[in-house]
Amino acid sequence: MIKDRILWLLWLVCMAGAAVITGTWLFAAVLLLTVLILIFSAGSVVLSGKKAVIKLHLPKASERMECFHGKMYLENQSAWPVFGGAGVLRWENLFTGEKGVIPISFSLGGKEKQVIGFEAGSNWCGCIRFCFSDWKCQDFFRVFSLKRKADTCAYTVVMPERQKGELSLFTREGFDMESFRYSGSRPGDDPGETYDIREYRSGDSIRQIHWKLSGKLDDIMIREKSFPVDDTVLILAEAFQADRDPQRAETVAEVFSAVLQSFMEKKISCQAGVYDHSTGKFRLEKIRTEEDRENILYRFLRYGSDAKTPVTVREYLKDPGTQNFANYVYITGDPQDKEAELLAAKGEVTIVGCGTGGRDSGGEQVLWKYGSQNPKDSQKQHMENNCPVSCWKLH
């Protein structure tokens, strides 16, 4: 546009100079006609684009490292044409921080509708937000322009690669299955399992006396009953990172997916919880089928990716409901995350830190191979596809 303006300015100067030097009416008439054309062009910019409606459409979900197709729907509700429109379609991965732009240009006749297709893709999983917030309406000669507002956004979710876990957490031997049916942090009223043996205290029911042990110890001992749990494990994943790191974020999503998959295959009764920023509500879902796993993973990426602070545990504790869990698995990619400590009073907590420490906690550590394990894909990204993952019990 700057080049066009310079050329028109030079044309005006030349015509004006020629009219003065030669004194002929021809150059003066050309100069006047040029001025009138420019005035008309400026007026056309003011009138065009006022009633242009722009909407974006994206697929609900897509695959990592693959292009997906989006569409921009344009409609000019005015009889006055849009001679030239230009703007930038900005996109951002809310989960990893990856960003990009796609230049868009178009023209619309009066009352015309148009569809512009575009391709995009992401190297990382997450929720991709596309925004076309403002654009410039130009005249036919690209001399004048005026900003117009669009304020349209659309979202798509790039799902993570499916990986197999190497942590003992993913094996049935990694669990004390009997303890998963009863709470390890609080007594209850289920006589089928003993929670604790202790000395008699005033007010204890005579029915709780452990007569055989009392006779051996020559003291009155009380057998506390266990508190049954409905589902054994609650799995929580936190999308927030103080310093965004795509590798850690990718690993969090893959580990979350792998834990859900492993528990489902081994028929370990569990639920998963995510906080929905769009509604401000915390959602708990039973994980029984492959559809359950995909739905909760989609919600985690779609509605939990734009977190500004770690909120998953706090939102769950605001209203945990009547559901009883004996064990909690907390997955995080933030090295400074201490939110799991808030769960310690409710049951046993296992922390899975992606790209974070954990050796000093007596746990195990593996090198997680995230993303596609195709060497060609790794070369395209110019990086090694691995991230340290630590797993330890919170004491």
# chains A, B, ... in the order shown; residues from 1 in each chain; ligands from 1
>>> residues_around(residues="Gly304 in chain A", least_positions_apart="2", cutoff="9 Å", atoms="only C-alpha atoms", output="list in words")
Leu94, Phe95, Cys127, Glu238, Ala239, Phe240, Val274, Tyr275, Asp276, His277, Ser278, Arg299, Phe300, Leu301, Arg302, Asp306, Ala307 and Thr312 of chain A
>>> write_last_selection(atoms="N, CA and C atoms", output="short mmCIF file (atom, residue, chain, number, x, y, z; two decimals), in the first residue's frame")
data_model
loop_
_atom_site.label_atom_id
_atom_site.label_comp_id
_atom_site.auth_asym_id
_atom_site.auth_seq_id
_atom_site.Cartn_x
_atom_site.Cartn_y
_atom_site.Cartn_z
N LEU A 94 -3.16 -22.60 23.45
CA LEU A 94 -3.34 -22.16 24.83
C LEU A 94 -2.66 -23.09 25.83
N PHE A 95 -2.34 -24.31 25.40
CA PHE A 95 -1.73 -25.29 26.30
C PHE A 95 -0.22 -25.15 26.35
N CYS A 127 -5.19 -26.89 22.95
CA CYS A 127 -6.34 -26.18 22.39
C CYS A 127 -5.82 -25.01 21.55
N GLU A 238 -3.09 -31.02 36.00
CA GLU A 238 -3.04 -29.54 36.04
C GLU A 238 -2.35 -29.03 34.77
N ALA A 239 -3.06 -28.16 34.05
CA ALA A 239 -2.53 -27.62 32.79
C ALA A 239 -1.62 -26.41 33.00
N PHE A 240 -1.73 -25.75 34.16
CA PHE A 240 -0.98 -24.51 34.38
C PHE A 240 0.52 -24.75 34.51
N VAL A 274 -11.69 -32.51 35.80
CA VAL A 274 -11.11 -31.35 35.11
C VAL A 274 -11.94 -30.12 35.48
N TYR A 275 -11.28 -28.97 35.47
CA TYR A 275 -11.97 -27.71 35.73
C TYR A 275 -12.26 -27.03 34.41
N ASP A 276 -13.53 -26.70 34.19
CA ASP A 276 -13.98 -26.06 32.96
C ASP A 276 -13.98 -24.55 33.14
N HIS A 277 -13.01 -23.86 32.53
CA HIS A 277 -12.91 -22.41 32.68
C HIS A 277 -14.07 -21.68 32.00
N SER A 278 -14.67 -22.30 31.00
CA SER A 278 -15.75 -21.63 30.28
C SER A 278 -17.02 -21.53 31.12
N ARG A 299 -11.85 -32.51 27.16
CA ARG A 299 -12.24 -31.42 28.07
C ARG A 299 -11.03 -30.80 28.76
N PHE A 300 -10.08 -31.64 29.12
CA PHE A 300 -8.87 -31.13 29.77
C PHE A 300 -8.13 -30.16 28.87
N LEU A 301 -7.97 -30.51 27.61
CA LEU A 301 -7.24 -29.66 26.67
C LEU A 301 -8.08 -28.46 26.22
N ARG A 302 -9.38 -28.68 25.99
CA ARG A 302 -10.23 -27.61 25.46
C ARG A 302 -10.55 -26.55 26.49
N ASP A 306 -6.34 -22.61 29.28
CA ASP A 306 -6.06 -21.18 29.46
C ASP A 306 -5.98 -20.78 30.93
N ALA A 307 -5.50 -21.69 31.77
CA ALA A 307 -5.38 -21.40 33.20
C ALA A 307 -4.28 -20.38 33.46
N THR A 312 -6.97 -26.73 39.52
CA THR A 312 -7.67 -28.01 39.50
C THR A 312 -7.98 -28.53 40.90
#
>>> residues_around(residues="range 99-114 of chain A", least_positions_apart="3", cutoff="10 Å", atoms="only C-alpha atoms", output="PyMOL selection string")
chain A and resi 48-49+51-54+72-94+96+117-122+128-132+135-138+140
>>> residues_around(residues="Gly333 in chain A", least_positions_apart="3", cutoff="9 Å", atoms="only C-alpha atoms", output="list in words")
Glu238, Ala239, Phe240, Gln241, Asp245, Arg248, Ala249, Thr251, Val252, Gln336, Asp337, Val352, Gly353, Cys354, Gly355 and Thr356 of chain A
>>> select_by_dssp(residues="range 17-241 of chain A", states="alpha helix (DSSP H)", output="PyMOL selection string")
chain A and resi 17-22+25-47+211-217
>>> write_last_selection(atoms="C-alpha atoms", output="PDB file, in the first residue's frame")
ATOM      1  CA  GLY A  17       4.367  20.318 -12.629  1.00  0.00           C
ATOM      2  CA  ALA A  18       3.461  19.659 -16.261  1.00  0.00           C
ATOM      3  CA  ALA A  19       0.380  21.872 -16.006  1.00  0.00           C
ATOM      4  CA  VAL A  20       2.427  24.767 -14.569  1.00  0.00           C
ATOM      5  CA  ILE A  21       5.375  24.415 -16.947  1.00  0.00           C
ATOM      6  CA  THR A  22       3.430  23.891 -20.180  1.00  0.00           C
ATOM      7  CA  TRP A  25      -5.359  22.575 -20.013  1.00  0.00           C
ATOM      8  CA  LEU A  26      -4.771  18.909 -20.785  1.00  0.00           C
ATOM      9  CA  PHE A  27      -2.466  18.338 -17.837  1.00  0.00           C
ATOM     10  CA  ALA A  28      -4.720  20.446 -15.603  1.00  0.00           C
ATOM     11  CA  ALA A  29      -7.716  18.322 -16.638  1.00  0.00           C
ATOM     12  CA  VAL A  30      -5.798  15.089 -15.933  1.00  0.00           C
ATOM     13  CA  LEU A  31      -4.755  16.461 -12.550  1.00  0.00           C
ATOM     14  CA  LEU A  32      -8.362  17.362 -11.704  1.00  0.00           C
ATOM     15  CA  LEU A  33      -9.612  13.957 -12.829  1.00  0.00           C
ATOM     16  CA  THR A  34      -6.957  12.240 -10.685  1.00  0.00           C
ATOM     17  CA  VAL A  35      -8.015  14.237  -7.621  1.00  0.00           C
ATOM     18  CA  LEU A  36     -11.678  13.349  -8.215  1.00  0.00           C
ATOM     19  CA  ILE A  37     -10.787   9.663  -8.550  1.00  0.00           C
ATOM     20  CA  LEU A  38      -8.876   9.757  -5.257  1.00  0.00           C
ATOM     21  CA  ILE A  39     -11.773  11.518  -3.511  1.00  0.00           C
ATOM     22  CA  PHE A  40     -14.155   8.863  -4.826  1.00  0.00           C
ATOM     23  CA  SER A  41     -11.775   6.121  -3.641  1.00  0.00           C
ATOM     24  CA  ALA A  42     -11.606   7.622  -0.162  1.00  0.00           C
ATOM     25  CA  GLY A  43     -15.402   7.796  -0.027  1.00  0.00           C
ATOM     26  CA  SER A  44     -15.743   4.189  -1.156  1.00  0.00           C
ATOM     27  CA  VAL A  45     -13.544   3.040   1.756  1.00  0.00           C
ATOM     28  CA  VAL A  46     -15.775   4.834   4.242  1.00  0.00           C
ATOM     29  CA  LEU A  47     -18.881   3.117   2.847  1.00  0.00           C
ATOM     30  CA  TRP A 211     -12.084 -59.501  72.539  1.00  0.00           C
ATOM     31  CA  LYS A 212      -9.393 -61.907  71.374  1.00  0.00           C
ATOM     32  CA  LEU A 213      -6.676 -59.232  71.206  1.00  0.00           C
ATOM     33  CA  SER A 214      -7.868 -57.658  74.464  1.00  0.00           C
ATOM     34  CA  GLY A 215      -7.393 -60.987  76.211  1.00  0.00           C
ATOM     35  CA  LYS A 216      -3.842 -61.351  74.880  1.00  0.00           C
ATOM     36  CA  LEU A 217      -2.774 -57.805  75.776  1.00  0.00           C
TER      37      LEU A 217
END
>>> closest_residue(among="A:Lys266, A:Lys338, A:Lys164, A:Arg293", to="Lys369 in chain A", atoms="only C-alpha atoms")
A:Lys164
>>> closest_residue(among="A:Glu348, A:Glu98, A:Glu161, A:Glu339", to="Val233 in chain A", atoms="only C-alpha atoms")
A:Glu348
>>> decode(residues="range 211-289 of chain A", atoms="C-alpha atoms", output="compact mmCIF listing (two decimals), in the first residue's frame")
# COMPACT_ATOMS: atom_id res chain seq x y z
CA TRP A 211 -12.08 -59.50 72.54
CA LYS A 212 -9.39 -61.91 71.37
CA LEU A 213 -6.68 -59.23 71.21
CA SER A 214 -7.87 -57.66 74.46
CA GLY A 215 -7.39 -60.99 76.21
CA LYS A 216 -3.84 -61.35 74.88
CA LEU A 217 -2.77 -57.80 75.78
CA ASP A 218 -4.68 -57.71 79.04
CA ASP A 219 -6.18 -54.38 78.00
CA ILE A 220 -9.36 -53.32 76.24
CA MET A 221 -8.63 -52.86 72.55
CA ILE A 222 -10.99 -51.32 70.00
CA ARG A 223 -11.30 -52.36 66.37
CA GLU A 224 -12.18 -49.41 64.13
CA LYS A 225 -14.17 -50.23 61.01
CA SER A 226 -13.13 -49.07 57.58
CA PHE A 227 -14.66 -46.37 55.44
CA PRO A 228 -15.69 -47.79 52.04
CA VAL A 229 -15.01 -45.84 48.88
CA ASP A 230 -17.18 -45.77 45.77
CA ASP A 231 -14.38 -45.39 43.22
CA THR A 232 -10.84 -46.20 44.18
CA VAL A 233 -8.83 -43.44 42.49
CA LEU A 234 -9.39 -39.85 41.42
CA ILE A 235 -7.02 -38.72 38.66
CA LEU A 236 -6.34 -35.00 38.37
CA ALA A 237 -4.13 -33.20 35.85
CA GLU A 238 -3.04 -29.54 36.04
CA ALA A 239 -2.53 -27.62 32.79
CA PHE A 240 -0.98 -24.51 34.38
CA GLN A 241 2.75 -23.80 34.09
CA ALA A 242 4.35 -20.65 35.48
CA ASP A 243 6.92 -20.85 32.68
CA ARG A 244 5.33 -22.47 29.65
CA ASP A 245 7.31 -25.34 28.23
CA PRO A 246 5.79 -27.21 25.26
CA GLN A 247 7.71 -30.40 26.04
CA ARG A 248 6.41 -30.55 29.63
CA ALA A 249 2.89 -29.65 28.50
CA GLU A 250 2.90 -32.37 25.84
CA THR A 251 4.14 -34.90 28.37
CA VAL A 252 1.44 -33.94 30.91
CA ALA A 253 -1.28 -34.63 28.34
CA GLU A 254 0.28 -37.93 27.25
CA VAL A 255 0.83 -39.13 30.82
CA PHE A 256 -2.76 -38.19 31.70
CA SER A 257 -3.97 -40.17 28.69
CA ALA A 258 -1.70 -43.13 29.52
CA VAL A 259 -2.85 -43.28 33.16
CA LEU A 260 -6.51 -43.27 32.10
CA GLN A 261 -5.83 -45.94 29.47
CA SER A 262 -3.89 -48.16 31.87
CA PHE A 263 -6.48 -47.95 34.66
CA MET A 264 -9.27 -48.65 32.21
CA GLU A 265 -7.54 -51.71 30.72
CA LYS A 266 -6.72 -53.13 34.15
CA LYS A 267 -10.27 -52.42 35.34
CA ILE A 268 -9.09 -50.32 38.25
CA SER A 269 -12.14 -48.32 39.30
CA CYS A 270 -11.34 -44.63 38.83
CA GLN A 271 -12.66 -41.21 37.96
CA ALA A 272 -11.00 -38.17 36.41
CA GLY A 273 -11.66 -34.52 37.14
CA VAL A 274 -11.11 -31.35 35.11
CA TYR A 275 -11.97 -27.71 35.73
CA ASP A 276 -13.98 -26.06 32.96
CA HIS A 277 -12.91 -22.41 32.68
CA SER A 278 -15.75 -21.63 30.28
CA THR A 279 -18.44 -22.50 32.83
CA GLY A 280 -16.49 -22.14 36.07
CA LYS A 281 -17.47 -25.66 37.13
CA PHE A 282 -15.48 -28.72 38.13
CA ARG A 283 -16.44 -31.92 36.32
CA LEU A 284 -15.97 -35.51 37.51
CA GLU A 285 -16.28 -38.36 35.00
CA LYS A 286 -16.16 -42.12 35.50
CA ILE A 287 -13.59 -43.74 33.21
CA ARG A 288 -15.00 -47.03 31.98
CA THR A 289 -14.74 -46.94 28.17
